[in-house]
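Pasted below: structure.txt, compact mmCIF, C-alpha atoms and all ligand atoms.
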# COMPACT_ATOMS: atom_id res chain seq x y z
CA GLU F 1 96.83 88.36 34.00
CA HIS F 2 98.37 88.35 30.53
CA LEU F 3 100.55 85.40 31.52
CA VAL F 4 97.58 83.47 32.91
CA ASN F 5 95.76 84.03 29.61
CA ARG F 6 98.77 82.83 27.68
CA ILE F 7 98.97 79.67 29.75
CA ALA F 8 95.23 79.09 29.31
CA ALA F 9 95.68 79.66 25.59
CA GLY F 10 97.74 76.48 25.45
CA GLU F 11 94.79 74.56 26.88
CA VAL F 12 91.96 76.05 24.87
CA VAL F 13 93.70 77.02 21.67
CA GLU F 14 96.42 74.85 20.30
CA ARG F 15 96.04 75.49 16.59
CA PRO F 16 93.90 77.49 14.16
CA ALA F 17 91.18 74.84 14.09
CA SER F 18 90.70 74.99 17.86
CA ALA F 19 90.44 78.80 17.81
CA LEU F 20 87.99 78.56 14.93
CA LYS F 21 85.91 75.98 16.77
CA GLU F 22 85.64 78.28 19.80
CA LEU F 23 84.56 81.21 17.60
CA VAL F 24 81.96 79.24 15.69
CA GLU F 25 80.60 77.78 18.94
CA ASN F 26 80.23 81.33 20.25
CA SER F 27 78.27 82.27 17.13
CA ILE F 28 76.02 79.26 17.64
CA ASP F 29 75.53 80.20 21.30
CA ALA F 30 74.66 83.75 20.17
CA GLY F 31 71.71 82.38 18.22
CA ALA F 32 73.17 82.88 14.74
CA THR F 33 71.22 81.56 11.76
CA ARG F 34 74.14 82.14 9.37
CA ILE F 35 77.84 81.75 10.10
CA ALA F 36 80.46 82.75 7.53
CA VAL F 37 84.05 81.61 8.03
CA GLY F 38 87.01 83.08 6.18
CA LEU F 39 90.50 81.62 6.39
CA GLY F 40 93.89 82.79 5.20
CA GLU F 41 96.74 80.29 4.89
CA GLY F 42 94.89 77.54 6.72
CA GLY F 43 94.00 79.96 9.51
CA LEU F 44 97.65 80.66 10.33
CA ALA F 45 97.44 84.15 8.81
CA ARG F 46 93.76 84.87 9.39
CA ILE F 47 90.61 83.33 10.86
CA GLU F 48 87.41 85.28 10.43
CA VAL F 49 83.96 84.38 11.72
CA ALA F 50 80.92 86.54 11.00
CA ASP F 51 77.47 85.82 12.37
CA ASP F 52 73.99 87.31 12.53
CA GLY F 53 73.53 86.41 16.19
CA GLY F 54 72.52 88.62 19.09
CA GLY F 55 75.77 90.59 19.18
CA MET F 56 77.52 92.36 22.05
CA THR F 57 77.23 95.85 23.43
CA ARG F 58 80.37 97.85 24.10
CA ALA F 59 80.22 96.76 27.75
CA ASP F 60 79.64 93.08 26.84
CA MET F 61 82.67 93.27 24.60
CA ALA F 62 84.97 94.60 27.31
CA LEU F 63 83.73 91.89 29.64
CA ALA F 64 84.05 89.14 27.02
CA LEU F 65 87.79 89.77 26.91
CA GLU F 66 88.15 89.26 30.63
CA ARG F 67 89.05 85.86 31.89
CA HIS F 68 86.17 83.69 33.16
CA ALA F 69 83.67 86.42 32.29
CA THR F 70 81.20 84.21 30.54
CA SER F 71 77.67 85.45 30.03
CA LYS F 72 76.43 81.90 29.77
CA LEU F 73 76.79 80.06 33.05
CA PRO F 74 73.31 79.37 34.32
CA ASP F 75 72.42 79.15 38.00
CA GLU F 76 71.70 75.46 37.77
CA ALA F 77 74.17 72.63 37.95
CA ILE F 78 76.94 72.51 35.40
CA GLU F 79 75.62 69.26 33.90
CA SER F 80 72.66 71.14 32.54
CA VAL F 81 74.45 73.82 30.53
CA SER F 82 72.90 73.99 27.11
CA THR F 83 75.36 76.39 25.51
CA LEU F 84 78.54 75.13 23.89
CA GLY F 85 80.77 77.51 25.82
CA PHE F 86 80.60 78.34 29.50
CA ARG F 87 84.16 78.82 30.73
CA GLY F 88 84.84 82.32 29.49
CA GLU F 89 88.34 81.42 28.39
CA ALA F 90 88.40 81.38 24.62
CA LEU F 91 88.39 85.07 23.72
CA PRO F 92 90.90 86.22 26.37
CA SER F 93 93.13 83.26 25.51
CA ILE F 94 93.09 83.97 21.78
CA ALA F 95 93.59 87.69 22.42
CA SER F 96 96.73 86.92 24.39
CA VAL F 97 98.44 85.03 21.55
CA ALA F 98 97.21 86.78 18.39
CA ARG F 99 95.79 90.01 17.06
CA LEU F 100 92.07 89.74 17.79
CA THR F 101 89.45 92.13 16.44
CA ILE F 102 85.86 92.01 17.58
CA GLU F 103 83.22 94.04 15.80
CA SER F 104 79.73 93.65 17.11
CA ARG F 105 76.35 95.27 17.23
CA VAL F 106 73.16 94.52 19.12
CA ALA F 107 70.07 95.41 17.09
CA GLY F 108 68.94 98.92 18.00
CA ALA F 109 72.27 99.90 19.55
CA GLU F 110 75.54 101.41 18.35
CA GLY F 111 78.14 99.01 16.92
CA TRP F 112 81.53 98.77 18.55
CA ALA F 113 84.97 97.44 17.64
CA ARG F 114 87.92 96.47 19.76
CA THR F 115 91.31 95.13 18.73
CA VAL F 116 93.60 93.39 21.18
CA ASP F 117 97.10 92.65 19.95
CA ASN F 118 98.82 89.95 21.98
CA GLY F 119 97.13 91.10 25.17
CA GLU F 120 97.17 94.84 24.55
CA VAL F 121 94.12 96.90 23.53
CA VAL F 122 95.14 98.88 20.44
CA ARG F 123 91.75 100.02 19.19
CA ASP F 124 88.43 100.71 20.90
CA ALA F 125 86.00 102.63 18.74
CA PRO F 126 82.50 102.79 17.28
CA ALA F 127 81.94 100.67 14.20
CA ALA F 128 79.23 100.39 11.56
CA LEU F 129 78.00 96.88 10.84
CA PRO F 130 74.74 94.94 10.63
CA PRO F 131 73.49 93.37 13.88
CA GLY F 132 75.69 90.43 14.80
CA THR F 133 79.37 89.84 15.35
CA ARG F 134 82.48 89.64 13.26
CA ILE F 135 85.68 88.35 14.81
CA VAL F 136 89.08 88.30 13.11
CA VAL F 137 92.11 86.48 14.47
CA GLU F 138 95.38 87.34 12.77
CA GLN F 139 98.82 85.84 13.16
CA LEU F 140 97.95 83.24 15.77
CA PHE F 141 101.02 82.39 17.86
CA ALA F 142 103.24 84.61 15.69
CA ARG F 143 104.78 85.99 18.87
CA VAL F 144 104.78 82.70 20.74
CA PRO F 145 107.57 80.72 19.07
CA ALA F 146 107.21 77.82 21.51
CA ARG F 147 103.70 77.20 20.21
CA ARG F 148 104.22 78.30 16.64
CA LYS F 149 106.67 75.46 16.11
CA PHE F 150 103.97 72.86 16.84
CA LEU F 151 101.81 74.14 14.00
CA ARG F 152 101.72 72.18 10.79
CA SER F 153 101.58 73.26 7.17
CA ALA F 154 98.89 75.68 6.02
CA ARG F 155 97.36 72.78 4.12
CA ALA F 156 97.14 70.54 7.19
CA GLU F 157 95.81 73.36 9.36
CA TYR F 158 93.25 74.16 6.69
CA GLY F 159 92.08 70.52 6.67
CA ALA F 160 91.62 70.63 10.44
CA CYS F 161 89.70 73.92 10.19
CA LEU F 162 87.36 72.56 7.55
CA ASP F 163 86.81 69.41 9.58
CA ALA F 164 85.93 71.46 12.67
CA VAL F 165 83.33 73.48 10.76
CA ARG F 166 81.91 70.36 9.07
CA ARG F 167 81.38 68.70 12.45
CA LEU F 168 79.63 71.74 13.87
CA ALA F 169 77.56 72.08 10.70
CA MET F 170 76.53 68.43 10.98
CA ALA F 171 75.40 69.02 14.55
CA ARG F 172 73.33 72.07 13.59
CA PRO F 173 71.45 71.57 10.29
CA ASP F 174 69.24 74.52 11.20
CA ILE F 175 72.16 76.94 10.78
CA GLY F 176 73.68 78.03 7.45
CA PHE F 177 77.48 77.76 7.18
CA SER F 178 80.03 78.87 4.62
CA VAL F 179 83.81 78.59 4.51
CA GLU F 180 86.15 80.51 2.25
CA HIS F 181 89.83 79.70 2.11
CA ASP F 182 92.33 82.07 0.47
CA GLY F 183 89.44 83.64 -1.42
CA ARG F 184 87.91 80.39 -2.66
CA ARG F 185 84.65 78.89 -1.45
CA ALA F 186 85.30 75.61 0.34
CA LEU F 187 81.93 74.84 1.86
CA GLN F 188 78.42 76.19 1.77
CA VAL F 189 75.26 74.77 3.33
CA ALA F 190 71.94 76.57 3.64
CA GLY F 191 70.21 77.02 6.98
CA GLY F 192 66.91 75.41 7.88
CA GLN F 193 67.89 71.92 6.70
CA ASP F 194 66.83 68.65 8.28
CA ARG F 195 69.36 66.00 9.28
CA PRO F 196 69.24 63.85 6.11
CA THR F 197 69.62 66.93 3.90
CA ARG F 198 72.55 68.17 5.94
CA VAL F 199 74.21 64.74 5.88
CA ALA F 200 73.90 64.69 2.08
CA ALA F 201 75.23 68.23 1.80
CA LEU F 202 78.29 67.50 3.94
CA THR F 203 79.21 64.05 2.64
CA ASP F 204 78.32 63.26 -0.93
CA ARG F 205 75.40 62.13 -3.05
CA ALA F 206 76.71 58.62 -3.61
CA PHE F 207 76.78 58.13 0.10
CA ALA F 208 73.50 59.82 0.85
CA ASP F 209 71.59 57.85 -1.79
CA ASN F 210 72.85 54.51 -0.47
CA ALA F 211 72.70 55.32 3.19
CA VAL F 212 70.53 53.41 5.61
CA PRO F 213 68.48 55.40 8.10
CA ILE F 214 68.96 54.64 11.77
CA ASP F 215 66.14 55.01 14.24
CA PHE F 216 66.47 53.40 17.62
CA ASP F 217 65.61 54.25 21.18
CA ARG F 218 65.74 52.88 24.66
CA ALA F 219 63.86 54.13 27.69
CA ILE F 220 65.50 54.49 31.10
CA ASP F 221 64.17 55.93 34.35
CA SER F 222 65.25 59.51 33.65
CA GLY F 223 64.06 59.61 30.04
CA ALA F 224 65.02 58.06 26.72
CA TYR F 225 68.15 57.47 24.71
CA VAL F 226 67.35 58.21 21.08
CA LEU F 227 69.68 57.28 18.25
CA GLY F 228 69.09 58.64 14.75
CA GLY F 229 71.11 59.30 11.65
CA VAL F 230 72.38 57.35 8.69
CA ALA F 231 75.00 54.70 7.99
CA SER F 232 76.60 53.82 4.69
CA VAL F 233 76.38 50.34 3.23
CA PRO F 234 79.47 48.38 4.17
CA THR F 235 80.59 47.99 0.58
CA TYR F 236 81.13 51.70 0.39
CA ASN F 237 84.60 51.83 -1.00
CA ARG F 238 86.34 54.95 0.02
CA GLY F 239 88.89 55.53 2.71
CA ILE F 240 87.30 58.47 4.38
CA ALA F 241 87.64 57.84 8.07
CA ASP F 242 86.98 61.52 8.66
CA HIS F 243 83.42 61.08 7.44
CA GLN F 244 82.35 59.58 10.74
CA TYR F 245 80.18 62.06 12.49
CA LEU F 246 78.88 61.75 16.01
CA VAL F 247 76.56 64.28 17.52
CA VAL F 248 75.60 63.90 21.18
CA ASN F 249 72.90 66.22 22.47
CA GLY F 250 73.54 68.63 19.62
CA ARG F 251 77.32 68.72 20.06
CA PRO F 252 79.90 67.21 17.73
CA VAL F 253 81.84 64.57 19.60
CA LYS F 254 84.91 62.51 18.87
CA ASP F 255 84.81 59.66 21.28
CA ARG F 256 86.80 56.45 21.34
CA LEU F 257 83.98 54.47 22.94
CA LEU F 258 81.53 55.51 20.26
CA MET F 259 83.96 54.97 17.40
CA GLY F 260 84.71 51.53 18.81
CA ALA F 261 80.99 50.77 18.94
CA ILE F 262 80.62 51.69 15.27
CA ARG F 263 83.54 49.46 14.33
CA GLY F 264 81.98 46.70 16.43
CA ALA F 265 78.66 46.94 14.61
CA TYR F 266 80.34 46.75 11.24
CA ALA F 267 82.91 44.20 12.30
CA GLU F 268 81.67 41.17 10.35
CA MET F 269 80.76 43.08 7.24
CA LEU F 270 83.46 45.64 6.77
CA PRO F 271 86.82 44.71 5.26
CA ARG F 272 89.67 46.13 7.27
CA ASP F 273 90.76 48.62 4.67
CA ARG F 274 87.37 50.17 4.21
CA HIS F 275 85.65 52.76 6.27
CA ALA F 276 81.96 53.10 6.87
CA VAL F 277 80.54 56.56 6.48
CA VAL F 278 78.34 57.21 9.47
CA ALA F 279 76.45 60.17 10.85
CA LEU F 280 74.95 59.37 14.23
CA PHE F 281 72.82 61.67 16.33
CA LEU F 282 72.47 60.51 19.89
CA ASP F 283 70.19 62.29 22.31
CA VAL F 284 70.38 61.26 25.94
CA PRO F 285 68.80 62.72 29.08
CA MET F 286 70.84 65.48 30.75
CA GLY F 287 72.77 63.91 33.59
CA GLU F 288 73.49 60.78 31.54
CA VAL F 289 76.39 62.52 29.84
CA ASP F 290 79.17 64.78 31.08
CA ILE F 291 80.41 67.06 28.34
CA ASN F 292 82.68 68.82 30.78
CA VAL F 293 85.66 66.47 30.51
CA HIS F 294 88.13 68.75 28.71
CA PRO F 295 88.11 72.41 27.63
CA ALA F 296 88.29 71.28 24.03
CA LYS F 297 85.00 69.48 24.69
CA THR F 298 85.09 66.91 21.91
CA GLU F 299 85.16 64.10 24.43
CA VAL F 300 82.26 63.15 26.61
CA ARG F 301 81.77 60.80 29.54
CA PHE F 302 78.64 58.71 29.76
CA ARG F 303 77.16 57.62 33.06
CA ASP F 304 76.51 54.21 31.51
CA PRO F 305 79.01 53.62 28.69
CA GLN F 306 77.91 50.03 28.13
CA LEU F 307 74.34 51.13 27.53
CA VAL F 308 75.50 53.63 24.92
CA ARG F 309 77.75 51.11 23.26
CA GLY F 310 74.95 48.55 23.13
CA LEU F 311 72.55 51.11 21.74
CA ILE F 312 74.87 52.05 18.90
CA VAL F 313 75.72 48.47 18.01
CA SER F 314 72.05 47.39 18.10
CA GLY F 315 70.85 50.48 16.26
CA LEU F 316 73.40 50.09 13.47
CA ARG F 317 72.91 46.32 13.19
CA ARG F 318 69.16 46.64 12.99
CA ALA F 319 69.32 49.35 10.35
CA LEU F 320 71.75 47.32 8.24
CA ASP F 321 69.68 44.14 8.72
CA GLU F 322 66.48 45.86 7.67
CA ALA F 323 68.22 47.11 4.56
CA GLY F 324 69.08 43.47 3.80
CA LEU F 325 72.79 43.91 4.32
P1 LIG F 401 82.28 81.39 26.76
O1 LIG F 401 81.84 80.99 25.39
O2 LIG F 401 82.80 80.23 27.54
O3 LIG F 401 81.27 82.21 27.50
P2 LIG F 401 84.22 82.98 25.37
O4 LIG F 401 85.57 83.49 25.77
O5 LIG F 401 84.18 82.04 24.22
O6 LIG F 401 83.58 82.32 26.64
O7 LIG F 401 83.28 84.21 25.08
C1 LIG F 401 83.10 85.18 26.10
C2 LIG F 401 81.78 85.89 25.98
O8 LIG F 401 81.79 86.72 24.83
C3 LIG F 401 80.59 84.98 25.79
O9 LIG F 401 80.09 84.52 27.03
C4 LIG F 401 79.59 85.89 25.08
O10 LIG F 401 78.91 86.68 26.01
C5 LIG F 401 80.50 86.81 24.26
N1 LIG F 401 80.59 86.42 22.85
C6 LIG F 401 81.61 85.78 22.25
N2 LIG F 401 81.40 85.58 20.93
C7 LIG F 401 80.18 86.10 20.67
C8 LIG F 401 79.36 86.22 19.48
N3 LIG F 401 79.77 85.71 18.30
N4 LIG F 401 78.16 86.83 19.60
C9 LIG F 401 77.74 87.34 20.79
N5 LIG F 401 78.46 87.25 21.94
C10 LIG F 401 79.66 86.66 21.89
MG MG F 402 82.99 80.30 23.89
Could you render the structure from this file as structure tokens?
Ligand code: ADP
Ligand code: MG
Amino acid sequence: EHLVNRIAAGEVVERPASALKELVENSIDAGATRIAVGLGEGGLARIEVADDGGGMTRADMALALERHATSKLPDEAIESVSTLGFRGEALPSIASVARLTIESRVAGAEGWARTVDNGEVVRDAPAALPPGTRIVVEQLFARVPARRKFLRSARAEYGACLDAVRRLAMARPDIGFSVEHDGRRALQVAGGQDRPTRVAALTDRAFADNAVPIDFDRAIDSGAYVLGGVASVPTYNRGIADHQYLVVNGRPVKDRLLMGAIRGAYAEMLPRDRHAVVALFLDVPMGEVDINVHPAKTEVRFRDPQLVRGLIVSGLRRALDEAGL
């Protein structure tokens, strides 16, 4: 069992940023309105995620650390899952390759804490905390040299962690996020924002003030494809390729097809050495997209990739045309 978890850990968790992403997704799935992330040494020493979501009872907690014991899988087909997680692999995987502490409390019930150190339960006791969940991951892969050696510098791992939170924060402007790294605040956005406000908060003013709104849709038999968001003017002169955000059905996505479509739309206007800053929110009918391609879930597969590509190119072109660009 421990070995199976360790093998799965290689799939689900390959570096601090992927563990962090799983934890923050769990907080989102738990209905959190505020998610506070703390990092030590780029997440190599410590990753902490605290939320005000629904929490876990003592029994939930024990179950959560068992493999494939997700509380989320609905009865319906897998294409229709609305939660970010549904495999029940993240917590047991992380617990098998780090020291994992879960503290959690459901409103009206007793709080509980459990620590699992590289697969072994070393603490299981009542705990006092506000309703919600706090999870701490320490010394990820410290006892798995084969994986530890693939990790990069604390600085690089920190960059990846911040990027992972930014992408989730872009996808969920309704939720408040904060990130602290080695005791210093790295990011803070309030909850209850709309998309343009969140885009401005996560990119920068210069971009937000010059951005062109995108608003495009196309009807198909099973519903509508709706594309919203903002795109920077093509003269925007900053090499920030990482400020290209794609959100599909409320999930952050990194997808080669979509990135290619953005490049295509900008092709005639954008000098090679410049990057457009783009935040695109694409909503498509369930069944038109398969988010189940890989456990890391940043890739998606569209039923009709050409339709999506065309939509993005047309949507971007029209927005830029209307802005006289
Ligand atoms: P999955 O997200 O695929 O269900 P995980 O291993 O990520 O699997 O989590 C296992 C279970 O632990 C979840 O199904 C959920 O019931 C519970 N859980 C994890 N994190 C939280 C949290 N922050 N708040 C409440 N419940 C949580
Ligand atoms: Mg999960």
Next on the checklist: Show me which residues are within 10 Å of ligand MG 402 (chain F) counting all atoms listed in the file, and format the list as JSON, numbers by chain.
Outcome noted: {"F": [12, 19, 21, 22, 23, 24, 25, 26, 27, 28, 29, 30, 64, 70, 71, 72, 83, 84, 85, 86, 87, 88, 89, 90, 91]}
Checklist entry - Rounded to one decimal in Å, what is the spacing between CA of Val199 (chain F) and CA of Leu280 (chain F)? => result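 CA of Leu280 (chain F) lies at a distance of 10.0 Å from CA of Val199 (chain F).
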Next on the checklist: Between CA of Ala261 (chain F) and CA of Val313 (chain F), what distance in Å does the model show, to one decimal?
Outcome noted: 5.8 Å
Next on the checklist: With distances taken over only C-alpha atoms and all ligand atoms, which residue among F:Ala156, F:Val226, F:Leu187, F:Ala62 lies nearest ligand LIG 401 (chain F)?
Outcome noted: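 Smallest distance to ligand LIG 401 (chain F) is found for F:Ala62.
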Checklist entry - Do you know which residues are at most 8 Å from Arg114 (chain F) counting all atoms listed in the file, after dropping those on the same chain fewer than 5 positions away, and could you put them as a list in words? => result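 Using all atoms listed in the file, the neighbours found are Met61, Thr101, Ile102, Glu103, Val121, Val122, Arg123, Asp124 and Ala125 of chain F.
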Next on the checklist: One number please: CA of Ala32 (chain F) to CA of Val49 (chain F), in Å, one decimal.
Outcome noted: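 The value is 11.3 Å.
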Next on the checklist: Every residue with an atom at most 12 Å from (65.3, 47.1, 11.6) (file coordinates; only C-alpha atoms) is what I'm after, so could you write them as a list in words?
Outcome noted: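 Residues with an atom at most 12 Å from (65.3, 47.1, 11.6): Val212, Pro213, Ile214, Asp215, Phe216, Asp217, Ser314, Gly315, Leu316, Arg317, Arg318, Ala319, Leu320, Asp321, Glu322, Ala323, Gly324 and Leu325 of chain F.
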Could the centre and edge lengths of an axis-aligned box, enclosing all atoms of ligand LIG 401 (chain F) in the file with 6 Å extra on each side, be given in Å to one decimal as JSON?
{"center_x": 81.7, "center_y": 83.8, "center_z": 22.9, "size_x": 19.8, "size_y": 19.1, "size_z": 21.2}
Item to check | Residue among F:Arg15, F:Arg46, F:Arg251, F:Arg263 lying closest to Ala171 (chain F), counting all atoms listed in the file | outcome: F:Arg251
Next on the checklist: Report as a PyMOL selection string all protein, DNA and RNA residues lying within 8 Å of Ile312 (chain F), evaluated on all atoms listed in the file, omitting residues in the same chain fewer than 5 positions from it.
Outcome noted: chain F and resi 227+258+261-262+265
Gly132 (chain F) environment, 6 Å, only C-alpha atoms, sequence neighbours closer than 4 positions dropped, as a JSON list (two decimals) with C-alpha atoms, in the coordinates of the input:
[["chain", "number", "residue", "atom", "x", "y", "z"],
["F", 51, "ASP", "CA", 77.47, 85.82, 12.37],
["F", 52, "ASP", "CA", 73.99, 87.31, 12.53],
["F", 53, "GLY", "CA", 73.53, 86.41, 16.19],
["F", 54, "GLY", "CA", 72.52, 88.62, 19.09],
["F", 55, "GLY", "CA", 75.77, 90.59, 19.18],
["F", 104, "SER", "CA", 79.73, 93.65, 17.11],
["F", 105, "ARG", "CA", 76.35, 95.27, 17.23]]
Checklist entry - Which residues come within 10 Å of Glu288 (chain F), counting only C-alpha atoms, excluding same-chain residues fewer than 4 positions away, as a VMD selection string? => result chain F and resid 79 222 to 223 225 283 to 284 301 to 305 308
Output file for the residues above (C-alpha atoms, as a PDB file, in the frame of the given file):
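Resulting contents of again24.pdb:
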ATOM      1  CA  GLU F  79      75.620  69.260  33.900  1.00  0.00           C
ATOM      2  CA  SER F 222      65.250  59.510  33.650  1.00  0.00           C
ATOM      3  CA  GLY F 223      64.060  59.610  30.040  1.00  0.00           C
ATOM      4  CA  TYR F 225      68.150  57.470  24.710  1.00  0.00           C
ATOM      5  CA  ASP F 283      70.190  62.290  22.310  1.00  0.00           C
ATOM      6  CA  VAL F 284      70.380  61.260  25.940  1.00  0.00           C
ATOM      7  CA  ARG F 301      81.770  60.800  29.540  1.00  0.00           C
ATOM      8  CA  PHE F 302      78.640  58.710  29.760  1.00  0.00           C
ATOM      9  CA  ARG F 303      77.160  57.620  33.060  1.00  0.00           C
ATOM     10  CA  ASP F 304      76.510  54.210  31.510  1.00  0.00           C
ATOM     11  CA  PRO F 305      79.010  53.620  28.690  1.00  0.00           C
ATOM     12  CA  VAL F 308      75.500  53.630  24.920  1.00  0.00           C
TER      13      VAL F 308
END
